[in-house]
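Colleague: If it helps, the file is called input-v8.pdb and holds PDB, C-alpha atoms:
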ATOM      1  CA  MET Z 974     -52.145   8.019  62.598
ATOM      2  CA  VAL Z 975     -50.435   9.154  59.390
ATOM      3  CA  GLU Z 976     -47.358   7.158  58.390
ATOM      4  CA  ILE Z 977     -44.474   9.301  57.275
ATOM      5  CA  SER Z 978     -42.013   7.670  54.895
ATOM      6  CA  GLU Z 979     -38.602   9.069  54.108
ATOM      7  CA  VAL Z 980     -37.943   9.810  50.449
ATOM      8  CA  ILE Z 981     -34.318   9.424  49.401
ATOM      9  CA  GLU Z 982     -33.397  11.129  46.183
ATOM     10  CA  GLU Z 983     -30.737   9.544  43.984
ATOM     11  CA  ALA Z 984     -27.629  11.644  43.955
ATOM     12  CA  PRO Z 985     -26.668  12.930  40.493
ATOM     13  CA  THR Z 986     -23.556  11.555  38.833
ATOM     14  CA  PRO Z 987     -20.534  13.725  39.666
ATOM     15  CA  PRO Z 988     -19.182  15.588  36.591
ATOM     16  CA  GLN Z 989     -15.714  14.136  37.187
ATOM     17  CA  ALA Z 990     -17.069  10.564  37.041
ATOM     18  CA  GLU Z 991     -18.842  11.378  33.781
ATOM     19  CA  THR Z 992     -15.591  12.788  32.359
ATOM     20  CA  ASN Z 993     -13.703   9.629  33.351
ATOM     21  CA  ALA Z 994     -16.331   7.423  31.719
ATOM     22  CA  VAL Z 995     -16.100   9.357  28.436
ATOM     23  CA  ASP Z 996     -12.294   9.218  28.532
ATOM     24  CA  SER Z 997     -12.447   5.454  29.161
ATOM     25  CA  ARG Z 998     -14.626   4.941  26.076
ATOM     26  CA  SER Z 999     -12.147   7.010  24.059
ATOM     27  CA  GLN Z1000      -9.237   4.785  25.150
ATOM     28  CA  GLU Z1001     -11.244   1.673  24.234
ATOM     29  CA  ARG Z1002     -11.706   2.988  20.685
ATOM     30  CA  PHE Z1003      -7.955   3.618  20.304
ATOM     31  CA  ALA Z1004      -7.094   0.194  21.752
ATOM     32  CA  ASP Z1005      -9.518  -1.565  19.357
ATOM     33  CA  ALA Z1006      -8.034   0.315  16.383
ATOM     34  CA  ASP Z1007      -4.460  -0.576  17.396
ATOM     35  CA  GLU Z1008      -5.265  -4.269  17.837
ATOM     36  CA  ILE Z1009      -7.078  -4.536  14.479
ATOM     37  CA  GLU Z1010      -4.211  -2.722  12.745
ATOM     38  CA  ALA Z1011      -1.660  -5.074  14.334
ATOM     39  CA  ALA Z1012      -3.582  -8.105  13.047
ATOM     40  CA  LEU Z1013      -3.777  -6.543   9.574
ATOM     41  CA  LEU Z1014      -0.048  -5.798   9.434
ATOM     42  CA  ALA Z1015       0.711  -9.340  10.598
ATOM     43  CA  HIS Z1016      -1.026 -10.586   7.397
ATOM     44  CA  HIS Z1017      -3.634 -12.615   9.288
ATOM     45  CA  ILE Z1018      -6.222 -11.226   6.844
ATOM     46  CA  THR Z1019      -5.543 -12.259   3.235
ATOM     47  CA  ARG Z1020      -8.585 -11.130   1.229
ATOM     48  CA  PRO Z1021      -8.050  -7.643  -0.290
ATOM     49  CA  SER Z1022     -11.685  -6.609   0.245
ATOM     50  CA  ALA Z1023     -11.577  -7.679   3.902
ATOM     51  CA  GLN Z1024      -8.365  -5.728   4.417
ATOM     52  CA  LEU Z1025      -9.950  -2.579   2.971
ATOM     53  CA  HIS Z1026     -12.979  -2.947   5.252
ATOM     54  CA  LEU Z1027     -10.672  -3.249   8.244
ATOM     55  CA  GLN Z1028      -8.728  -0.150   7.186
ATOM     56  CA  ASN Z1029     -11.995   1.822   7.083
ATOM     57  CA  LEU Z1030     -12.991   0.435  10.502
ATOM     58  CA  ILE Z1031      -9.620   1.469  11.979
ATOM     59  CA  THR Z1032     -10.092   5.021  10.669
ATOM     60  CA  LYS Z1033     -13.642   5.172  12.069
ATOM     61  CA  LEU Z1034     -12.561   3.957  15.535
ATOM     62  CA  ARG Z1035      -9.780   6.538  15.742
ATOM     63  CA  LYS Z1036     -12.118   9.359  14.712
ATOM     64  CA  GLU Z1037     -14.616   8.304  17.394
ATOM     65  CA  GLY Z1038     -11.797   8.137  19.968
ATOM     66  CA  LYS Z1039     -10.688  11.704  19.130
ATOM     67  CA  ALA Z1040     -14.284  12.963  19.303
ATOM     68  CA  LEU Z1041     -14.743  11.384  22.749
ATOM     69  CA  GLN Z1042     -11.490  13.008  23.903
ATOM     70  CA  ARG Z1043     -12.845  16.422  22.888
ATOM     71  CA  VAL Z1044     -16.105  15.765  24.758
ATOM     72  CA  ALA Z1045     -14.181  14.722  27.895
ATOM     73  CA  ALA Z1046     -12.030  17.857  27.699
ATOM     74  CA  SER Z1047     -15.115  20.045  27.316
ATOM     75  CA  THR Z1048     -16.834  18.379  30.308
ATOM     76  CA  SER Z1049     -13.721  18.800  32.436
ATOM     77  CA  ALA Z1050     -13.498  22.504  31.523
ATOM     78  CA  ALA Z1051     -17.174  23.016  32.428
ATOM     79  CA  THR Z1052     -16.620  21.286  35.798
ATOM     80  CA  THR Z1053     -13.626  23.546  36.570
ATOM     81  CA  VAL Z1054     -15.636  26.689  35.779
ATOM     82  CA  GLY Z1055     -18.541  25.521  37.987
ATOM     83  CA  SER Z1056     -16.226  24.783  40.948
ATOM     84  CA  SER Z1057     -14.608  28.216  40.835
ATOM     85  CA  ASP Z1058     -18.016  29.891  40.698
ATOM     86  CA  SER Z1059     -19.274  27.991  43.772
ATOM     87  CA  ALA Z1060     -16.160  28.889  45.802
ATOM     88  CA  ALA Z1061     -16.662  32.663  45.336
ATOM     89  CA  PRO Z1062     -18.938  34.421  47.921
ATOM     90  CA  SER Z1063     -22.375  34.994  46.501
ATOM     91  CA  PRO Z1064     -24.114  38.370  47.003
ATOM     92  CA  ALA Z1065     -27.553  38.653  48.508
ATOM     93  CA  VAL Z1066     -29.097  39.537  45.182
ATOM     94  CA  ALA Z1067     -30.069  36.897  42.684
ATOM     95  CA  LYS Z1068     -27.170  35.619  40.575
ATOM     96  CA  PRO Z1069     -27.359  36.083  36.827
ATOM     97  CA  ALA Z1070     -27.658  32.970  34.705
ATOM     98  CA  ALA Z1071     -24.284  31.377  33.929
ATOM     99  CA  ALA Z1072     -23.109  31.746  30.356
ATOM    100  CA  PRO Z1073     -23.277  28.469  28.407
ATOM    101  CA  VAL Z1074     -19.965  26.700  27.833
ATOM    102  CA  ASP Z1075     -19.092  26.366  24.154
ATOM    103  CA  VAL Z1076     -18.534  22.724  23.225
ATOM    104  CA  PRO Z1077     -15.976  22.506  20.400
ATOM    105  CA  THR Z1078     -17.388  20.920  17.274
ATOM    106  CA  PRO Z1079     -15.400  18.317  15.293
ATOM    107  CA  PRO Z1080     -13.364  19.915  12.472
ATOM    108  CA  LYS Z1081     -14.555  19.531   8.920
ATOM    109  CA  LYS Z1082     -12.740  17.208   6.541
ATOM    110  CA  THR Z1083     -10.643  19.793   4.751
ATOM    111  CA  PRO Z1084      -7.029  19.604   3.620
ATOM    112  CA  VAL Z1085      -4.584  20.723   6.308
ATOM    113  CA  THR Z1086      -2.998  24.022   5.288
ATOM    114  CA  THR Z1087       0.641  23.572   6.255
ATOM    115  CA  PRO Z1088       3.682  25.218   4.669
ATOM    116  CA  ILE Z1089       5.207  23.259   1.802
ATOM    117  CA  ILE Z1090       8.353  21.449   2.923
ATOM    118  CA  THR Z1091      10.788  20.477   0.200
ATOM    119  CA  SER Z1092      12.385  17.057   0.638
ATOM    120  CA  THR Z1093      16.096  17.284   1.320
ATOM    121  CA  THR Z1094      16.758  13.678   0.305
ATOM    122  CA  ASN Z1095      15.642  11.308  -2.430
ATOM    123  CA  LYS Z1096      15.303   8.368  -0.070
ATOM    124  CA  TYR Z1097      11.902   6.665  -0.289
ATOM    125  CA  GLN Z1098      10.306   4.026   1.875
ATOM    126  CA  THR Z1099       8.131   1.214   0.608
ATOM    127  CA  PHE Z1100       4.412   1.445   1.306
ATOM    128  CA  PRO Z1101       3.272  -0.606   4.331
ATOM    129  CA  THR Z1102       1.388  -2.946   1.994
ATOM    130  CA  HIS Z1103      -0.411  -3.185  -1.350
ATOM    131  CA  TYR Z1104      -2.783  -5.654  -3.000
ATOM    132  CA  PHE Z1105      -3.276  -6.828  -6.582
ATOM    133  CA  ASP Z1106      -6.626  -7.621  -8.220
ATOM    134  CA  CYS Z1107      -6.336  -9.202 -11.677
ATOM    135  CA  GLY Z1108     -10.049  -8.659 -12.345
ATOM    136  CA  GLU Z1109     -12.468 -10.919 -14.150
ATOM    137  CA  TYR Z1110     -11.902 -12.691 -17.446
ATOM    138  CA  ASN Z1111     -11.766 -10.254 -20.379
ATOM    139  CA  SER Z1112     -11.935  -7.220 -18.062
ATOM    140  CA  PRO Z1113     -10.150  -4.126 -19.457
ATOM    141  CA  LEU Z1114      -8.201  -3.276 -16.282
ATOM    142  CA  VAL Z1115      -6.154  -4.745 -13.447
ATOM    143  CA  THR Z1116      -6.040  -2.843 -10.134
ATOM    144  CA  ILE Z1117      -3.442  -2.318  -7.408
ATOM    145  CA  TYR Z1118      -4.791  -1.195  -3.992
ATOM    146  CA  VAL Z1119      -2.342   0.871  -1.884
ATOM    147  CA  PRO Z1120      -3.845   1.588   1.595
ATOM    148  CA  LEU Z1121      -2.579   4.755   3.322
ATOM    149  CA  THR Z1122      -4.703   6.321   6.061
ATOM    150  CA  GLY Z1123      -5.422  10.019   5.442
ATOM    151  CA  ILE Z1124      -3.929  10.189   1.934
ATOM    152  CA  GLY Z1125      -7.109  11.888   0.684
ATOM    153  CA  THR Z1126      -6.165  15.135   2.466
ATOM    154  CA  HIS Z1127      -2.536  15.131   1.271
ATOM    155  CA  ASP Z1128      -1.265  17.746  -1.181
ATOM    156  CA  LYS Z1129      -2.162  16.343  -4.616
ATOM    157  CA  SER Z1130       0.914  17.941  -6.179
ATOM    158  CA  LYS Z1131       3.033  15.565  -4.069
ATOM    159  CA  ILE Z1132       1.333  12.443  -5.441
ATOM    160  CA  SER Z1133       2.369  11.144  -8.870
ATOM    161  CA  CYS Z1134       2.306   7.921 -10.879
ATOM    162  CA  ASN Z1135       4.162   7.504 -14.171
ATOM    163  CA  PHE Z1136       3.348   4.714 -16.630
ATOM    164  CA  THR Z1137       5.267   3.018 -19.443
ATOM    165  CA  SER Z1138       4.266  -0.036 -21.451
ATOM    166  CA  THR Z1139       6.065  -2.296 -18.968
ATOM    167  CA  SER Z1140       6.065  -0.360 -15.681
ATOM    168  CA  PHE Z1141       4.420   2.024 -13.229
ATOM    169  CA  ASP Z1142       6.065   4.271 -10.617
ATOM    170  CA  LEU Z1143       3.926   5.647  -7.741
ATOM    171  CA  ILE Z1144       5.494   8.331  -5.500
ATOM    172  CA  VAL Z1145       4.020  10.064  -2.438
ATOM    173  CA  SER Z1146       6.288  12.799  -1.055
ATOM    174  CA  ASP Z1147       6.336  14.462   2.388
ATOM    175  CA  PHE Z1148       3.339  12.599   3.820
ATOM    176  CA  CYS Z1149       2.571  13.248   7.516
ATOM    177  CA  THR Z1150       1.766   9.931   9.234
ATOM    178  CA  ASN Z1151      -0.391   9.351  12.320
ATOM    179  CA  ASP Z1152       2.675   9.429  14.584
ATOM    180  CA  GLY Z1153       3.567  12.939  13.402
ATOM    181  CA  LYS Z1154       6.508  11.909  11.201
ATOM    182  CA  THR Z1155       7.000  13.020   7.595
ATOM    183  CA  LYS Z1156       7.759  10.189   5.171
ATOM    184  CA  SER Z1157       8.045   9.709   1.418
ATOM    185  CA  TYR Z1158       6.836   6.466  -0.174
ATOM    186  CA  ARG Z1159       7.495   4.816  -3.522
ATOM    187  CA  LEU Z1160       6.054   1.770  -5.304
ATOM    188  CA  LEU Z1161       7.943   0.895  -8.512
ATOM    189  CA  ASN Z1162       7.353  -2.139 -10.706
ATOM    190  CA  ASP Z1163       9.333  -2.284 -13.964
ATOM    191  CA  ASN Z1164       8.746  -5.969 -14.683
ATOM    192  CA  LEU Z1165       4.982  -6.315 -15.142
ATOM    193  CA  GLU Z1166       3.619  -9.687 -16.180
ATOM    194  CA  LYS Z1167       2.036  -8.169 -19.321
ATOM    195  CA  GLU Z1168       2.476  -4.967 -21.267
ATOM    196  CA  ILE Z1169      -0.100  -2.258 -20.528
ATOM    197  CA  ASP Z1170      -1.978   0.395 -22.474
ATOM    198  CA  VAL Z1171      -0.556   3.650 -21.091
ATOM    199  CA  SER Z1172      -3.412   5.739 -22.511
ATOM    200  CA  LYS Z1173      -5.948   3.759 -20.440
ATOM    201  CA  SER Z1174      -3.884   3.551 -17.246
ATOM    202  CA  LYS Z1175      -4.486   5.958 -14.365
ATOM    203  CA  TYR Z1176      -4.385   6.374 -10.588
ATOM    204  CA  VAL Z1177      -7.181   7.503  -8.255
ATOM    205  CA  VAL Z1178      -6.702   8.999  -4.772
ATOM    206  CA  LYS Z1179      -9.340   7.940  -2.217
ATOM    207  CA  PRO Z1180      -9.657   9.128   1.426
ATOM    208  CA  ASN Z1181      -7.562   6.250   2.789
ATOM    209  CA  LYS Z1182      -6.038   4.532  -0.243
ATOM    210  CA  ILE Z1183      -4.669   4.947  -3.763
ATOM    211  CA  LEU Z1184      -5.969   2.855  -6.670
ATOM    212  CA  ILE Z1185      -3.643   2.181  -9.616
ATOM    213  CA  LYS Z1186      -5.572   0.993 -12.680
ATOM    214  CA  LEU Z1187      -3.526  -0.565 -15.490
ATOM    215  CA  GLY Z1188      -5.096  -0.832 -18.941
ATOM    216  CA  LYS Z1189      -4.820  -4.287 -20.491
ATOM    217  CA  ILE Z1190      -3.709  -4.833 -24.080
ATOM    218  CA  LYS Z1191      -6.560  -6.148 -26.214
ATOM    219  CA  GLY Z1192      -5.708  -8.975 -28.582
ATOM    220  CA  GLU Z1193      -7.633 -10.263 -31.562
ATOM    221  CA  TYR Z1194     -10.354 -11.860 -29.457
ATOM    222  CA  SER Z1195     -10.014 -10.608 -25.876
ATOM    223  CA  TYR Z1196      -7.862  -8.723 -23.392
ATOM    224  CA  ASP Z1197      -4.678 -10.239 -22.042
ATOM    225  CA  HIS Z1198      -5.199 -12.602 -19.131
ATOM    226  CA  TRP Z1199      -3.184 -11.673 -16.015
ATOM    227  CA  THR Z1200      -2.440 -14.052 -13.129
ATOM    228  CA  GLU Z1201       0.306 -12.114 -11.328
ATOM    229  CA  LEU Z1202       1.364  -8.469 -11.119
ATOM    230  CA  THR Z1203       5.072  -9.162 -11.627
ATOM    231  CA  ALA Z1204       6.570 -11.445 -14.269
ATOM    232  CA  LYS Z1205       8.417 -14.477 -12.903
ATOM    233  CA  LYS Z1206      11.449 -13.802 -15.103
ATOM    234  CA  LYS Z1207      13.089 -10.486 -15.829
ATOM    235  CA  LYS Z1208      12.200  -9.306 -19.315
ATOM    236  CA  GLU Z1209      15.077  -8.402 -21.604
ATOM    237  CA  ASN Z1210      15.251  -4.841 -22.857
ATOM    238  CA  LYS Z1211      13.874  -4.534 -26.367
ATOM    239  CA  GLY Z1212      16.382  -2.535 -28.366
ATOM    240  CA  GLY Z1213      14.685  -2.918 -31.724
ATOM    241  CA  LYS Z1214      17.254  -5.433 -33.022
ATOM    242  CA  LYS Z1215      16.405  -8.939 -34.125
ATOM    243  CA  GLU Z1216      17.743 -11.674 -31.910
ATOM    244  CA  ASP Z1217      20.662 -13.698 -33.260
ATOM    245  CA  PRO Z1218      19.523 -17.348 -33.604
ATOM    246  CA  ALA Z1219      23.092 -18.510 -33.077
ATOM    247  CA  ALA Z1220      23.252 -16.632 -29.789
ATOM    248  CA  GLY Z1221      20.127 -18.463 -28.642
ATOM    249  CA  ILE Z1222      21.686 -21.838 -29.458
ATOM    250  CA  MET Z1223      24.851 -20.872 -27.631
ATOM    251  CA  ASP Z1224      22.820 -19.914 -24.557
ATOM    252  CA  MET Z1225      21.103 -23.278 -24.695
ATOM    253  CA  MET Z1226      24.466 -25.062 -24.985
ATOM    254  CA  LYS Z1227      25.761 -23.142 -21.936
ATOM    255  CA  ASP Z1228      22.694 -24.130 -19.925
ATOM    256  CA  MET Z1229      23.162 -27.773 -20.924
ATOM    257  CA  TYR Z1230      26.846 -27.579 -19.963
ATOM    258  CA  GLU Z1231      26.113 -26.084 -16.527
ATOM    259  CA  SER Z1232      23.327 -28.535 -15.687
ATOM    260  CA  GLY Z1233      24.689 -31.685 -17.398
ATOM    261  CA  ASP Z1234      26.792 -34.526 -16.062
ATOM    262  CA  ASP Z1235      30.534 -35.042 -16.718
ATOM    263  CA  ASN Z1236      30.023 -36.818 -20.060
ATOM    264  CA  MET Z1237      27.697 -34.065 -21.327
ATOM    265  CA  LYS Z1238      30.165 -31.359 -20.247
ATOM    266  CA  LYS Z1239      32.993 -33.220 -22.037
ATOM    267  CA  MET Z1240      31.043 -33.513 -25.312
ATOM    268  CA  ILE Z1241      29.890 -29.890 -25.264
ATOM    269  CA  GLY Z1242      33.391 -28.684 -24.359
ATOM    270  CA  GLU Z1243      34.919 -30.584 -27.320
ATOM    271  CA  THR Z1244      32.270 -29.223 -29.682
ATOM    272  CA  MET Z1245      32.779 -25.603 -28.584
ATOM    273  CA  TYR Z1246      36.568 -26.028 -28.844
ATOM    274  CA  LYS Z1247      36.307 -27.370 -32.415
ATOM    275  CA  GLN Z1248      33.972 -24.510 -33.279
ATOM    276  CA  ARG Z1249      36.522 -21.951 -32.116
ATOM    277  CA  THR Z1250      39.424 -23.678 -33.945
ATOM    278  CA  GLY Z1251      37.496 -24.203 -37.180
ATOM    279  CA  GLN Z1252      37.459 -28.016 -36.921
ATOM    280  CA  LEU Z1253      33.690 -28.300 -36.440
ATOM    281  CA  GLY Z1254      32.048 -30.310 -39.271
ATOM    282  CA  LYS Z1255      35.286 -31.630 -40.771
ATOM    283  CA  ASP Z1256      35.211 -35.361 -41.514
ATOM    284  CA  GLY Z1257      31.851 -35.552 -39.752
ATOM    285  CA  ALA Z1258      33.564 -35.087 -36.376
ATOM    286  CA  MET Z1259      31.370 -33.714 -33.655
ATOM    287  CA  GLY Z1260      33.394 -34.744 -30.634
ATOM    288  CA  GLY Z1261      31.062 -37.605 -29.785
ATOM    289  CA  MET Z1262      27.830 -35.641 -30.205
ATOM    290  CA  GLY Z1263      26.660 -37.616 -33.195
ATOM    291  CA  GLY Z1264      24.047 -35.965 -35.397
ATOM    292  CA  MET Z1265      23.873 -32.732 -33.410
ATOM    293  CA  ASP Z1266      25.962 -31.003 -36.091
ATOM    294  CA  MET Z1267      22.771 -30.433 -38.122
ATOM    295  CA  GLY Z1268      22.099 -26.743 -38.113
ATOM    296  CA  LEU Z1269      24.991 -25.780 -35.822
ATOM    297  CA  GLY Z1270      27.448 -25.347 -38.665
ATOM    298  CA  ASP Z1271      25.029 -23.170 -40.656
ATOM    299  CA  MET Z1272      24.625 -20.902 -37.623
ATOM    300  CA  GLY Z1273      28.350 -20.379 -37.214
ATOM    301  CA  ILE Z1274      28.762 -22.262 -33.921
TER     302      ILE Z1274
END
What would you get if you wrote out this structure as structure tokens?
Modeller:
Amino acid sequence: MVEISEVIEEAPTPPQAETNAVDSRSQERFADADEIEAALLAHHITRPSAQLHLQNLITKLRKEGKALQRVAASTSAATTVGSSDSAAPSPAVAKPAAAPVDVPTPPKKTPVTTPIITSTTNKYQTFPTHYFDCGEYNSPLVTIYVPLTGIGTHDKSKISCNFTSTSFDLIVSDFCTNDGKTKSYRLLNDNLEKEIDVSKSKYVVKPNKILIKLGKIKGEYSYDHWTELTAKKKKENKGGKKEDPAAGIMDMMKDMYESGDDNMKKMIGETMYKQRTGQLGKDGAMGGMGGMDMGLGDMGI
């Protein structure tokens, strides 16, 4: 007796289920990118190099998500065409082979050709973030990293950076962000810690960031040593005139008056009064300030 066994073939995966699976993977890519970007904006990551790596990872995840969306749309379209063909009555003769469905290929990385829109306002926003790298000892440059996803495809005529010996001014106009909005950004620093060599300063536009390179001033033995991008105190404008030594002493006296106790304020007040009335230095009187008249009279205080 011959034993007959039943062979059960595995049913193929329905096209709709395959489309849903591809769409699910696409949503996972977008969700991962959003969560990493939220952590980056919350300043949980402090190292500049780590932040740049994460920016590149965010861009990669979003590109993969968009590619998966296109594949899901193509699969769905192919399923719709196949269903309509099966519903139509088939003739007795053999059916011709179905034409292949064209799967759209990802677009090439080329600048988007959109009409030039002139800004109607001069209002700029600050960049989401930027990072400063002072470089190694005796290096000729310091670098500012300005991340901005997709800036590499932006119209280069709308990106500018002007340099002076004490400042730089980066402007990006009419930039289309990921949410479809058009924004203009500006990063201005007119109080640099050190003066820069304008002839050696430049900016470089990368696919997802802008690099501002400031040329250091070289001294007798080495380049200036930077520790911060911005000076802690506002630098006074150099008008080409020599500073008045007497004015410096007066500023010091004012600081002492504001920060001193009651006795100090009384002594300084008497001294400044005698200076204004011409009594300073007469009969050795200094209003209780003892030998502090040395040098003050010669300076006209």
Colleague: Using Å and a single decimal, report how far CA of Trp1199 in chain Z sits from CA of Leu1013 in chain Z.
Modeller: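 Between CA of Leu1013 in chain Z and CA of Trp1199 in chain Z the gap works out to 26.1 Å.
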Colleague: What gap, in Å, lies between CA of Ala1204 in chain Z and CA of Ile1190 in chain Z?
Modeller: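 That distance, rounded to one decimal, is 15.7 Å.
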Colleague: Kindly indicate which residue among Z:Ile1185, Z:Ala1046, Z:Leu1034, Z:Val1177 lies nearest to Ile1009 in chain Z, using all atoms listed in the file for the distances.
Modeller: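 Looking only at the distances to Ile1009 in chain Z, the closest residue turns out to be Z:Leu1034.
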Colleague: If I take CA of His1198 in chain Z and CA of Lys1167 in chain Z, how far is one from the other in Å, to one decimal?
Modeller: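 According to the coordinates, CA of His1198 in chain Z and CA of Lys1167 in chain Z are separated by 8.5 Å.
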Colleague: Please evaluate the PyMOL selection byres ((chain Z and resi 1031) around 8) against the structure above and give the resulting residues as a ChimeraX atom specification.
Modeller: /Z:1005-1007,1009-1010,1027-1030,1032-1035
Colleague: Can those selected residues be exported to a file as a JSON list (two decimals), in the coordinates of the input so that it contains C-alpha atoms?
Modeller:
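What follows is the written file result.json:
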[["chain", "number", "residue", "atom", "x", "y", "z"],
["Z", 1005, "ASP", "CA", -9.52, -1.56, 19.36],
["Z", 1006, "ALA", "CA", -8.03, 0.32, 16.38],
["Z", 1007, "ASP", "CA", -4.46, -0.58, 17.40],
["Z", 1009, "ILE", "CA", -7.08, -4.54, 14.48],
["Z", 1010, "GLU", "CA", -4.21, -2.72, 12.74],
["Z", 1027, "LEU", "CA", -10.67, -3.25, 8.24],
["Z", 1028, "GLN", "CA", -8.73, -0.15, 7.19],
["Z", 1029, "ASN", "CA", -12.00, 1.82, 7.08],
["Z", 1030, "LEU", "CA", -12.99, 0.44, 10.50],
["Z", 1032, "THR", "CA", -10.09, 5.02, 10.67],
["Z", 1033, "LYS", "CA", -13.64, 5.17, 12.07],
["Z", 1034, "LEU", "CA", -12.56, 3.96, 15.54],
["Z", 1035, "ARG", "CA", -9.78, 6.54, 15.74]]
Colleague: Please identify every residue of range 1131-1161 of chain Z that has at least one atom no farther than 6 Å from an atom of range 1092-1113 of chain Z, counting only C-alpha atoms, and for each give the shortest atom pair and the distance in Å to one decimal, arranged by chain then increasing number, as CSV.
Modeller:
residue,atom,partner,partner_atom,distance
Z:Ser1157,CA,Z:Tyr1097,CA,5.2
Z:Tyr1158,CA,Z:Gln1098,CA,4.7
Z:Arg1159,CA,Z:Thr1099,CA,5.5
Colleague: How big is the axis-aligned box around the listed atoms of range 1172-1183 of chain Z once 5 Å is added on each side, and where is its centre? Give both in Å to one decimal, as lines of an AutoDock Vina configuration file.
Modeller:
center_x = -6.5
center_y = 6.3
center_z = -9.9
size_x = 16.2
size_y = 15.6
size_z = 35.3
Colleague: Tell me which of Z:Leu1114, Z:Ala1004, Z:Met1225, Z:Ile1144 sits closest to Lys1173 in chain Z, counting only C-alpha atoms.
Modeller: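 Checking each candidate against Lys1173 in chain Z, we get Z:Leu1114 as the closest.
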Colleague: Leaving out Gly1038 in chain Z and any residue of its chain fewer than 6 positions from it, which residues lie within 8 Å of it when counting all atoms listed in the file, given as a list in words?
Modeller: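 Here the answer would be Arg998, Ser999, Gln1000, Glu1001, Arg1002 and Phe1003 of chain Z.
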Colleague: Rank Z:Ser997, Z:Glu1166, Z:Tyr1230, Z:Ile1117 by their smallest atom-to-atom distance to Lys1206 in chain Z, using all atoms listed in the file, and report the top residue only.
Modeller: Z:Glu1166
Colleague: Quick one: residues within 8 Å of Asn1162 in chain Z, all atoms listed in the file counted, chain neighbours fewer than 5 positions away excluded, as a ChimeraX atom specification?
Modeller: /Z:1140-1142,1203
Colleague: Create the file for the chosen residues now, containing C-alpha atoms and written as a short mmCIF file (atom, residue, chain, number, x, y, z; two decimals), in the coordinates of the input.
Modeller:
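out-v8.cif, written as the output of this step:
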data_model
loop_
_atom_site.label_atom_id
_atom_site.label_comp_id
_atom_site.auth_asym_id
_atom_site.auth_seq_id
_atom_site.Cartn_x
_atom_site.Cartn_y
_atom_site.Cartn_z
CA SER Z 1140 6.06 -0.36 -15.68
CA PHE Z 1141 4.42 2.02 -13.23
CA ASP Z 1142 6.06 4.27 -10.62
CA THR Z 1203 5.07 -9.16 -11.63
#
Colleague: Z:Asp1163, Z:Glu1008, Z:Glu1201, Z:Asp996: which is nearest Thr1048 in chain Z, counting all atoms listed in the file?
Modeller: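 When distances to Thr1048 in chain Z are compared using all atoms listed in the file, the smallest one comes from Z:Asp996.
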Colleague: List every protein, DNA or RNA residue with an atom no more than 12 Å from (3.8, 10.1, -12.4) in the file's coordinates, counting only C-alpha atoms, and format the result as a list in words.
Modeller: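 Final list of nearby residues, as requested, is Lys1129, Ser1130, Lys1131, Ile1132, Ser1133, Cys1134, Asn1135, Phe1136, Thr1137, Ser1140, Phe1141, Asp1142, Leu1143, Ile1144, Val1145, Ser1146, Arg1159, Leu1160, Leu1161, Val1171, Ser1174, Lys1175, Tyr1176 and Ile1185 of chain Z.
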Colleague: Could you complete range 1094-1104 of chain Z so that it carries N, CA and C atoms, and give it back as a PDB file, in the frame of the given file?
Modeller:
ATOM      1  N   THR Z1094      16.128  14.906   0.779  1.00  0.00           N
ATOM      2  CA  THR Z1094      16.758  13.678   0.305  1.00  0.00           C
ATOM      3  C   THR Z1094      15.839  13.004  -0.688  1.00  0.00           C
ATOM      4  N   ASN Z1095      16.414  12.076  -1.460  1.00  0.00           N
ATOM      5  CA  ASN Z1095      15.642  11.308  -2.430  1.00  0.00           C
ATOM      6  C   ASN Z1095      15.383   9.894  -1.925  1.00  0.00           C
ATOM      7  N   LYS Z1096      15.475   9.696  -0.629  1.00  0.00           N
ATOM      8  CA  LYS Z1096      15.303   8.368  -0.070  1.00  0.00           C
ATOM      9  C   LYS Z1096      13.825   8.098   0.160  1.00  0.00           C
ATOM     10  N   TYR Z1097      13.308   7.034  -0.429  1.00  0.00           N
ATOM     11  CA  TYR Z1097      11.902   6.665  -0.289  1.00  0.00           C
ATOM     12  C   TYR Z1097      11.775   5.378   0.522  1.00  0.00           C
ATOM     13  N   GLN Z1098      10.637   5.254   1.180  1.00  0.00           N
ATOM     14  CA  GLN Z1098      10.306   4.026   1.875  1.00  0.00           C
ATOM     15  C   GLN Z1098       9.249   3.284   1.070  1.00  0.00           C
ATOM     16  N   THR Z1099       9.184   1.980   1.255  1.00  0.00           N
ATOM     17  CA  THR Z1099       8.131   1.214   0.608  1.00  0.00           C
ATOM     18  C   THR Z1099       6.820   1.429   1.363  1.00  0.00           C
ATOM     19  N   PHE Z1100       5.711   1.335   0.666  1.00  0.00           N
ATOM     20  CA  PHE Z1100       4.412   1.445   1.306  1.00  0.00           C
ATOM     21  C   PHE Z1100       4.228   0.273   2.281  1.00  0.00           C
ATOM     22  N   PRO Z1101       3.460   0.485   3.370  1.00  0.00           N
ATOM     23  CA  PRO Z1101       3.272  -0.606   4.331  1.00  0.00           C
ATOM     24  C   PRO Z1101       2.772  -1.887   3.680  1.00  0.00           C
ATOM     25  N   THR Z1102       1.895  -1.761   2.697  1.00  0.00           N
ATOM     26  CA  THR Z1102       1.388  -2.946   1.994  1.00  0.00           C
ATOM     27  C   THR Z1102       0.666  -2.502   0.738  1.00  0.00           C
ATOM     28  N   HIS Z1103       0.421  -3.432  -0.179  1.00  0.00           N
ATOM     29  CA  HIS Z1103      -0.411  -3.185  -1.350  1.00  0.00           C
ATOM     30  C   HIS Z1103      -0.971  -4.524  -1.835  1.00  0.00           C
ATOM     31  N   TYR Z1104      -2.079  -4.444  -2.570  1.00  0.00           N
ATOM     32  CA  TYR Z1104      -2.783  -5.654  -3.000  1.00  0.00           C
ATOM     33  C   TYR Z1104      -3.067  -5.577  -4.499  1.00  0.00           C
TER      34      TYR Z1104
END
